[in-house]
Structures are given as structure tokens and as C-alpha cells.
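Enquirer: Here you go, data_5.txt (compact mmCIF, C-alpha atoms):
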# COMPACT_ATOMS: atom_id res chain seq x y z
CA MET U 215 0.00 0.00 0.00
CA GLN U 216 0.93 3.62 -0.44
CA SER U 217 0.14 6.51 1.89
CA PHE U 218 -0.04 10.29 1.88
CA SER U 219 -0.82 13.10 4.30
CA SER U 220 -4.31 14.57 4.25
CA ALA U 221 -4.02 17.76 6.31
CA GLY U 222 -1.56 15.96 8.57
CA VAL U 223 -3.43 12.64 8.83
CA ARG U 224 -1.79 9.60 7.23
CA ILE U 225 -4.15 7.96 4.76
CA ALA U 226 -3.30 4.60 3.17
CA PHE U 227 -4.49 3.69 -0.31
CA ILE U 228 -4.06 1.41 -3.29
CA ASP U 229 -3.80 2.50 -6.92
CA HIS U 230 -4.36 -0.20 -9.55
CA ALA U 231 -3.96 0.33 -13.29
CA PRO U 232 -6.60 -1.09 -15.64
CA THR U 233 -5.96 -4.58 -16.97
CA GLY U 234 -8.35 -4.08 -19.88
CA PRO U 235 -8.09 -1.32 -22.51
CA ASP U 236 -7.70 1.93 -20.56
CA LEU U 237 -10.86 4.03 -20.62
CA HIS U 238 -8.99 6.89 -18.89
CA GLU U 239 -11.87 7.11 -16.42
CA PRO U 240 -10.50 6.47 -12.92
CA ILE U 241 -12.79 5.47 -10.07
CA MET U 242 -12.21 6.03 -6.37
CA LEU U 243 -13.70 3.57 -3.85
CA ILE U 244 -14.62 4.53 -0.27
CA HIS U 245 -15.40 1.69 2.14
CA GLY U 246 -17.89 1.43 4.96
CA PHE U 247 -17.65 1.61 8.74
CA ALA U 248 -15.39 -0.96 10.44
CA SER U 249 -14.23 -2.21 7.05
CA ASN U 250 -11.17 -1.36 4.95
CA HIS U 251 -10.27 -1.22 1.28
CA ALA U 252 -9.40 -4.92 1.13
CA VAL U 253 -12.51 -6.29 2.83
CA ASN U 254 -14.91 -3.96 1.02
CA TRP U 255 -13.39 -3.83 -2.45
CA VAL U 256 -10.60 -6.37 -3.02
CA ASN U 257 -12.07 -9.47 -1.40
CA THR U 258 -15.44 -8.84 -3.06
CA LEU U 259 -13.67 -8.70 -6.46
CA TRP U 260 -14.72 -5.12 -7.13
CA VAL U 261 -11.14 -4.06 -7.90
CA LYS U 262 -10.75 -6.96 -10.33
CA THR U 263 -14.12 -6.23 -11.95
CA LEU U 264 -13.38 -2.55 -12.47
CA THR U 265 -9.78 -2.91 -13.63
CA HIS U 266 -10.86 -5.62 -16.10
CA ALA U 267 -13.43 -3.13 -17.37
CA GLY U 268 -10.62 -0.70 -18.21
CA ARG U 269 -10.71 1.57 -15.17
CA ARG U 270 -7.92 2.78 -12.93
CA VAL U 271 -9.03 1.96 -9.37
CA ILE U 272 -8.03 3.96 -6.31
CA ALA U 273 -9.25 2.78 -2.92
CA LEU U 274 -8.38 4.33 0.43
CA ASP U 275 -8.57 3.18 4.02
CA ASN U 276 -10.66 5.81 5.77
CA ARG U 277 -9.06 7.56 8.75
CA GLY U 278 -9.38 5.33 11.81
CA HIS U 279 -9.60 2.21 9.62
CA GLY U 280 -7.25 -0.31 8.05
CA ALA U 281 -3.69 0.93 7.60
CA SER U 282 -4.61 4.61 7.94
CA GLU U 283 -3.91 6.69 11.02
CA LYS U 284 -6.07 6.04 14.09
CA LEU U 285 -7.63 9.07 15.74
CA TYR U 286 -9.61 9.13 18.98
CA ASP U 287 -11.33 12.51 18.91
CA PRO U 288 -14.87 12.21 17.46
CA ALA U 289 -14.51 15.67 15.90
CA ALA U 290 -11.84 14.25 13.56
CA TYR U 291 -14.46 12.05 11.89
CA ASP U 292 -16.93 14.67 10.70
CA THR U 293 -18.19 13.44 7.33
CA LYS U 294 -17.12 16.69 5.66
CA ILE U 295 -13.57 16.13 6.92
CA MET U 296 -13.57 12.54 5.66
CA ALA U 297 -14.81 13.75 2.29
CA GLU U 298 -11.80 16.08 2.18
CA ASP U 299 -9.55 13.01 2.56
CA GLY U 300 -11.01 11.76 -0.72
CA ARG U 301 -10.53 15.11 -2.41
CA ALA U 302 -6.97 15.28 -1.08
CA LEU U 303 -6.21 11.83 -2.49
CA LEU U 304 -7.35 12.93 -5.95
CA ASP U 305 -5.07 15.97 -5.56
CA HIS U 306 -2.17 13.77 -4.44
CA LEU U 307 -2.55 11.59 -7.54
CA ASP U 308 -3.15 14.55 -9.88
CA ILE U 309 -6.56 13.20 -10.85
CA ALA U 310 -8.77 16.07 -11.93
CA ARG U 311 -12.02 14.10 -12.02
CA ALA U 312 -13.09 10.59 -11.06
CA ASP U 313 -16.15 8.45 -10.61
CA VAL U 314 -16.61 7.78 -6.89
CA MET U 315 -18.29 4.79 -5.29
CA GLY U 316 -18.87 4.49 -1.58
CA TYR U 317 -20.57 1.86 0.51
CA SER U 318 -22.60 2.63 3.66
CA MET U 319 -20.54 5.21 5.59
CA GLY U 320 -18.44 5.49 2.44
CA ALA U 321 -21.58 6.39 0.48
CA ARG U 322 -22.30 9.19 2.95
CA ILE U 323 -18.74 10.44 2.43
CA THR U 324 -19.23 10.17 -1.35
CA ALA U 325 -22.43 12.20 -1.19
CA TYR U 326 -20.68 14.99 0.73
CA LEU U 327 -17.74 14.91 -1.67
CA SER U 328 -20.18 15.23 -4.57
CA LEU U 329 -21.98 18.11 -2.89
CA ARG U 330 -18.85 20.07 -1.96
CA HIS U 331 -16.58 19.25 -4.94
CA GLU U 332 -18.85 18.42 -7.83
CA ALA U 333 -16.22 19.40 -10.39
CA ARG U 334 -14.05 16.52 -9.14
CA VAL U 335 -16.81 13.87 -9.27
CA ARG U 336 -17.79 12.48 -12.66
CA SER U 337 -20.52 10.35 -11.08
CA ALA U 338 -21.41 8.97 -7.65
CA ILE U 339 -22.50 5.44 -6.78
CA LEU U 340 -24.07 5.29 -3.31
CA GLY U 341 -24.10 1.67 -2.17
CA GLY U 342 -25.83 0.64 1.04
CA LEU U 343 -27.20 4.12 1.79
CA GLY U 344 -30.63 5.35 0.81
CA HIS U 345 -32.99 7.82 2.41
CA HIS U 346 -31.03 7.67 5.67
CA LEU U 347 -28.65 10.12 4.03
CA VAL U 348 -31.26 12.76 4.89
CA GLU U 349 -33.48 11.02 7.41
CA GLY U 350 -32.01 9.64 10.62
CA ILE U 351 -28.33 9.59 11.39
CA GLY U 352 -27.05 6.38 9.90
CA LEU U 353 -25.87 3.72 12.28
CA PRO U 354 -27.31 3.88 15.82
CA LEU U 355 -25.14 5.54 18.46
CA GLY U 356 -25.28 2.23 20.33
CA ILE U 357 -22.74 0.89 17.83
CA ALA U 358 -20.14 3.06 19.59
CA ASP U 359 -21.12 1.46 22.88
CA ALA U 360 -20.73 -1.94 21.24
CA MET U 361 -17.17 -1.08 20.24
CA GLU U 362 -16.40 -0.23 23.87
CA ALA U 363 -18.10 -3.27 25.40
CA PRO U 364 -15.73 -5.62 27.27
CA ALA U 365 -16.53 -8.51 24.91
CA LEU U 366 -18.86 -9.52 22.10
CA GLU U 367 -20.53 -12.01 24.45
CA SER U 368 -21.74 -9.16 26.69
CA LEU U 369 -23.91 -7.72 23.89
CA THR U 370 -27.51 -8.78 23.27
CA ASP U 371 -28.72 -6.31 20.63
CA PRO U 372 -28.45 -7.99 17.17
CA MET U 373 -27.12 -4.91 15.35
CA GLN U 374 -24.57 -4.20 18.07
CA ARG U 375 -23.42 -7.81 17.93
CA MET U 376 -23.22 -7.73 14.12
CA PHE U 377 -21.00 -4.66 13.97
CA ARG U 378 -18.81 -5.67 16.92
CA ALA U 379 -18.25 -9.10 15.37
CA PHE U 380 -17.43 -7.48 12.02
CA ALA U 381 -14.99 -5.06 13.66
CA GLU U 382 -13.23 -7.94 15.39
CA GLN U 383 -13.14 -9.90 12.14
CA THR U 384 -11.45 -6.98 10.36
CA LYS U 385 -9.04 -6.56 13.31
CA SER U 386 -10.08 -2.94 13.68
CA ASP U 387 -9.09 -0.46 16.38
CA LEU U 388 -12.29 -0.50 18.45
CA ARG U 389 -11.60 2.78 20.24
CA ALA U 390 -11.06 4.58 16.92
CA LEU U 391 -14.29 3.10 15.57
CA ALA U 392 -16.24 4.31 18.61
CA ALA U 393 -14.91 7.83 17.98
CA CYS U 394 -15.81 7.52 14.30
CA ILE U 395 -19.43 6.59 15.03
CA ARG U 396 -19.77 9.49 17.45
CA GLY U 397 -18.22 12.00 15.06
CA SER U 398 -19.65 11.06 11.66
CA ARG U 399 -23.35 11.52 12.38
CA GLN U 400 -24.07 14.28 9.88
CA THR U 401 -27.15 14.18 7.65
CA MET U 402 -27.89 16.25 4.59
CA THR U 403 -30.97 18.35 4.28
CA GLU U 404 -33.31 17.40 1.47
CA ALA U 405 -32.34 20.67 -0.22
CA GLU U 406 -28.65 19.74 -0.07
CA ALA U 407 -29.33 16.29 -1.53
CA ALA U 408 -31.41 17.88 -4.28
CA SER U 409 -28.50 20.15 -5.16
CA ILE U 410 -26.12 17.28 -5.93
CA ASP U 411 -25.40 17.90 -9.59
CA VAL U 412 -23.63 14.74 -10.77
CA PRO U 413 -25.08 11.49 -12.11
CA VAL U 414 -26.02 9.30 -9.12
CA LEU U 415 -26.82 5.61 -8.70
CA VAL U 416 -28.30 4.44 -5.38
CA ALA U 417 -27.78 0.66 -4.96
CA ILE U 418 -29.23 -1.19 -1.97
CA GLY U 419 -30.15 -4.77 -1.10
CA THR U 420 -33.87 -5.45 -0.83
CA LYS U 421 -33.31 -6.94 2.65
CA ASP U 422 -31.11 -4.08 3.88
CA LEU U 423 -32.48 -2.83 7.22
CA VAL U 424 -29.74 -0.21 7.70
CA ALA U 425 -29.70 1.97 4.59
CA GLY U 426 -33.17 3.44 4.16
CA ASP U 427 -35.19 3.38 0.95
CA PRO U 428 -33.13 3.83 -2.25
CA HIS U 429 -36.07 5.05 -4.32
CA GLN U 430 -36.89 7.84 -1.87
CA LEU U 431 -33.33 9.11 -2.02
CA ALA U 432 -33.14 8.80 -5.81
CA ALA U 433 -36.35 10.81 -6.07
CA LEU U 434 -34.70 13.67 -4.18
CA ILE U 435 -31.61 13.92 -6.40
CA PRO U 436 -32.32 15.16 -9.93
CA GLY U 437 -31.70 12.41 -12.48
CA ALA U 438 -30.62 9.83 -9.89
CA GLN U 439 -31.40 6.16 -10.42
CA ALA U 440 -32.14 3.43 -7.89
CA LEU U 441 -30.88 -0.15 -8.17
CA ASP U 442 -32.50 -2.90 -6.09
CA ILE U 443 -30.16 -5.79 -5.25
CA PRO U 444 -32.57 -8.70 -4.81
CA GLY U 445 -32.50 -10.78 -1.63
CA ARG U 446 -29.40 -9.15 -0.15
CA ASP U 447 -28.95 -7.52 3.25
CA HIS U 448 -26.56 -4.71 4.16
CA ASN U 449 -23.51 -6.96 4.42
CA LEU U 450 -24.15 -9.32 1.51
CA ALA U 451 -25.18 -6.76 -1.09
CA VAL U 452 -21.68 -5.33 -1.49
CA GLY U 453 -20.28 -8.25 -3.49
CA ASP U 454 -23.43 -9.13 -5.41
CA LYS U 455 -23.27 -9.55 -9.18
CA VAL U 456 -26.42 -7.48 -9.70
CA TYR U 457 -24.67 -4.58 -7.95
CA LYS U 458 -21.57 -5.01 -10.11
CA GLU U 459 -23.49 -5.37 -13.38
CA GLY U 460 -25.74 -2.43 -12.53
CA THR U 461 -22.77 -0.24 -11.66
CA LEU U 462 -20.89 -1.08 -14.86
CA ALA U 463 -24.03 -0.35 -16.89
CA PHE U 464 -24.49 2.96 -15.07
CA LEU U 465 -20.88 3.96 -15.68
CA ALA U 466 -21.23 3.12 -19.36
CA ARG U 467 -24.30 5.31 -19.86
CA ARG U 468 -23.71 8.24 -17.46
CA SER U 469 -22.82 11.50 -19.16
Represent the structure from my file as C-alpha cells, please.
Expert:
Amino acid sequence: MQSFSSAGVRIAFIDHAPTGPDLHEPIMLIHGFASNHAVNWVNTLWVKTLTHAGRRVIALDNRGHGASEKLYDPAAYDTKIMAEDGRALLDHLDIARADVMGYSMGARITAYLSLRHEARVRSAILGGLGHHLVEGIGLPLGIADAMEAPALESLTDPMQRMFRAFAEQTKSDLRALAACIRGSRQTMTEAEAASIDVPVLVAIGTKDLVAGDPHQLAALIPGAQALDIPGRDHNLAVGDKVYKEGTLAFLARRS
């Protein structure tokens, strides 16, 4: 992996050249909470799929995750700040404009990046995040408590157990994740979502109980499209072939 400094915070990333004919259309991937670039994008074969389709693929480990720097102040995880990490990575690589795909928390970051730096975003794919971008505050605050619990066995709430188990599986820094949940609880107003002026695809599993409705969000953003991923929940949708095929089709037709 490579790394760079985003306003003094070390951010790790990968940068893979296309293996198919180069379309000269790079895409940046932003993973979800408690994950990392490898779990979210490499292991699910997204990097292989996109590079084979002729795209340069950049994927970062969000601050507090993976090989990036761990921070313990919730204020360091404001979604707007995390979006600036993505913008800074494009600057670091001298990429003027890229498609951006985020999943779950990464989709929230992608939406803010699209809102604040639309000239840098060719299109945005919001995976695992629907109407909860504007309604509610994403993952429950109790997820932070789950990260700080003495052990997985002490938790009884199913969602707390799911995220704690996932964080342990990815060998994450639990204290950094607790700070991240507490600090990244921003929502957009409907007016802000409606002002996103890039092509948008909202892709969510039909059994996802975390994301909120994709069609409601797509209806707010002019020209946005919704993609239902049949029979998949929040965790299983990310590697689904319907998601991959729908994303490639969207990238091929977006202006």
C-alpha cells in the first residue's frame, strides 16, 4: 500500500492500473464503517471487476480504519472532513475528475464529496445508503457502545453484535471506531441532496435494514437512479453480481 498526508493525517491507499483497454476514467472507492479497502473492495472482487473493465481503481482506508492513522477525537471524523480526505487523495494523484463509489458510511462520504466538490466527481455510486442520508443519522449511536463493550458475548442487541463481530473480524481499532461513530453523524438536508449535480446511482439490497429506501433518495436527487439488489442484506449486497453489473451499466451510460 501507499500513503499520503491529508491535512496531517496519514491515509493509506491502493492504486491499480486497468488490466483491460484503458478508458482513462478512474474510479475512487470509499469503504464502509469498520471495514477497509481490502474487505470492502478487493475481497469482493470489485477491484478486479473494475480494472478488467478498463478503469484505474483507487481505494483508500478511511481515517481510523485499516492501515490509515487512528484518531480518537470524534470531531476528527466529521463526514465533511472525511470527504476532504477523498478530495486530497485525488489531488495527491493529480486526478482532476473521477467516478466515486462508496458503501454505507463510504456512500455518505461520497455524497458529501459530490456536494462540496462536484467538479471533481464524474458520477457517484451510493451503495448501502438510501434515504437515511437525509433522514435519521445512519448507524445507531449504540454501535459506539458496542465497540467499547468488554466482549462480544456481553452484547444482546443484534445490530450491536453484528458490527462488533465485524470489527473484530477486520481486526479494527475498536476505540477509533467508537470515535468515528460518534463523530460522523451528519445528515444532509433534502435541499442539499437535491443540489447534488452529478449522475447518481443508489444501490441497496432489498433486505437491507440499515440503509433506508433507495427510491426515496433517488427521487430527491435530480436524475438519480435506484438499483434494487434482490435478496441481499446490508452486508451481503456489497459483493453481489447485480450490484456489479448495474454499476458497470451505469458507468457506461452516465454522461
Enquirer: Which polymer residues have any atom within 10 Å of an atom of Met242 in chain U, counting all atoms listed in the file, with same-chain residues fewer than 4 positions away left out, as a ChimeraX atom specification?
Expert: /U:228-229,269-274,300,303-304,311-316,324,335,338
Enquirer: Tell me which of U:Thr370, U:Asn276, U:Ser318, U:Thr420 sits closest to Glu298 in chain U, counting only C-alpha atoms.
Expert: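 The answer is U:Asn276, which sits nearest to Glu298 in chain U.
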Enquirer: Choose the residue, out of U:Ala365, U:Met215, U:Ala325, U:Ala290, that has the smallest atom-to-atom separation from Ala393 in chain U; count all atoms listed in the file.
Expert: U:Ala290
Enquirer: Skipping near chain neighbours, those fewer than 4 positions away, what residues fall within 10 Å of Thr233 in chain U using all atoms listed in the file, listed as a list in words?
Expert: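 Surrounding residues, per the criterion: Lys262, Thr263, Leu264, Thr265, His266, Ala267, Gly268, Arg269 and Arg270 of chain U.
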Enquirer: Would you give me, as a Markdown table, each residue of range 401-427 of chain U having an atom within 7 Å of an atom of range 346-363 of chain U, along with its shortest atom pair and that distance in Å to one decimal, using all atoms listed in the file and sorting by chain and residue number?
Expert:
| residue | atom | partner | partner_atom | distance |
| --- | --- | --- | --- | --- |
| U:Thr401 | CA | U:Val348 | CA | 5.2 |
| U:Met402 | CA | U:Val348 | CA | 4.9 |
| U:Thr403 | CA | U:Val348 | CA | 5.6 |
| U:Glu404 | CA | U:Val348 | CA | 6.1 |
| U:Ala425 | CA | U:His346 | CA | 6.0 |
| U:Gly426 | CA | U:His346 | CA | 5.0 |
Enquirer: Can you work out the spacing between CA of Ile225 in chain U and CA of Arg399 in chain U in Å, to one decimal?
Expert: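 Straight-line distance from CA of Ile225 in chain U to CA of Arg399 in chain U works out to 21.0 Å.
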Enquirer: If you measure from CA of His245 in chain U to CA of Asp442 in chain U, what distance in Å do you get, rounded to one decimal?
Expert: 19.5 Å
Enquirer: Find the residue from U:Leu327, U:Met373, U:Ala405, U:Leu343 that sits nearest to His429 in chain U; use only C-alpha atoms when measuring.
Expert: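 Checking each candidate against His429 in chain U, we get U:Leu343 as the closest.
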Enquirer: Kindly indicate which residue among U:Ile241, U:Leu391, U:Ile418, U:Ile443 lies nearest to Leu285 in chain U, using all atoms listed in the file for the distances.
Expert: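 Counting all atoms listed in the file, the residue closest to Leu285 in chain U is U:Leu391.
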Enquirer: Looking at all atoms listed in the file, which of U:Asp308, U:Val414, U:Lys458, U:Arg224 is the one that sits closest to Ala440 in chain U?
Expert: U:Val414
Enquirer: Give me, please, the distance in Å between CA of Val412 in chain U and CA of Lys294 in chain U, quoted to one decimal.
Expert: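 Pair CA of Val412 in chain U / CA of Lys294 in chain U returns 17.8 Å.
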Enquirer: Using all atoms listed in the file, what residues lie at most 9 Å away from (-13.1, -4.9, 11.5) (file coordinates), given as number ranges by chain?
Expert: U: 247-250, 253, 279-280, 377-388
Enquirer: Output as JSON the centre and edge lengths (Å, one decimal) of the box along x, y and z of the file that holds every listed atom of range 413-432 of chain U after adding 8 Å on each side.
Expert:
{"center_x": -31.0, "center_y": 2.3, "center_z": -2.2, "size_x": 27.8, "size_y": 34.4, "size_z": 35.8}
Enquirer: Find, counting all atoms listed in the file, the residue in U:Gln216, U:Gln400, U:Asn257, U:Ser328 that gets nearest to Leu307 in chain U.
Expert: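 Selected residue with least distance to Leu307 in chain U: U:Gln216.
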Enquirer: May I have the residues within 8 Å of Phe464 in chain U as an MDAnalysis selection string, using only C-alpha atoms and disregarding those fewer than 4 positions away in the same chain?
Expert: chainID U and resid 415 460 468
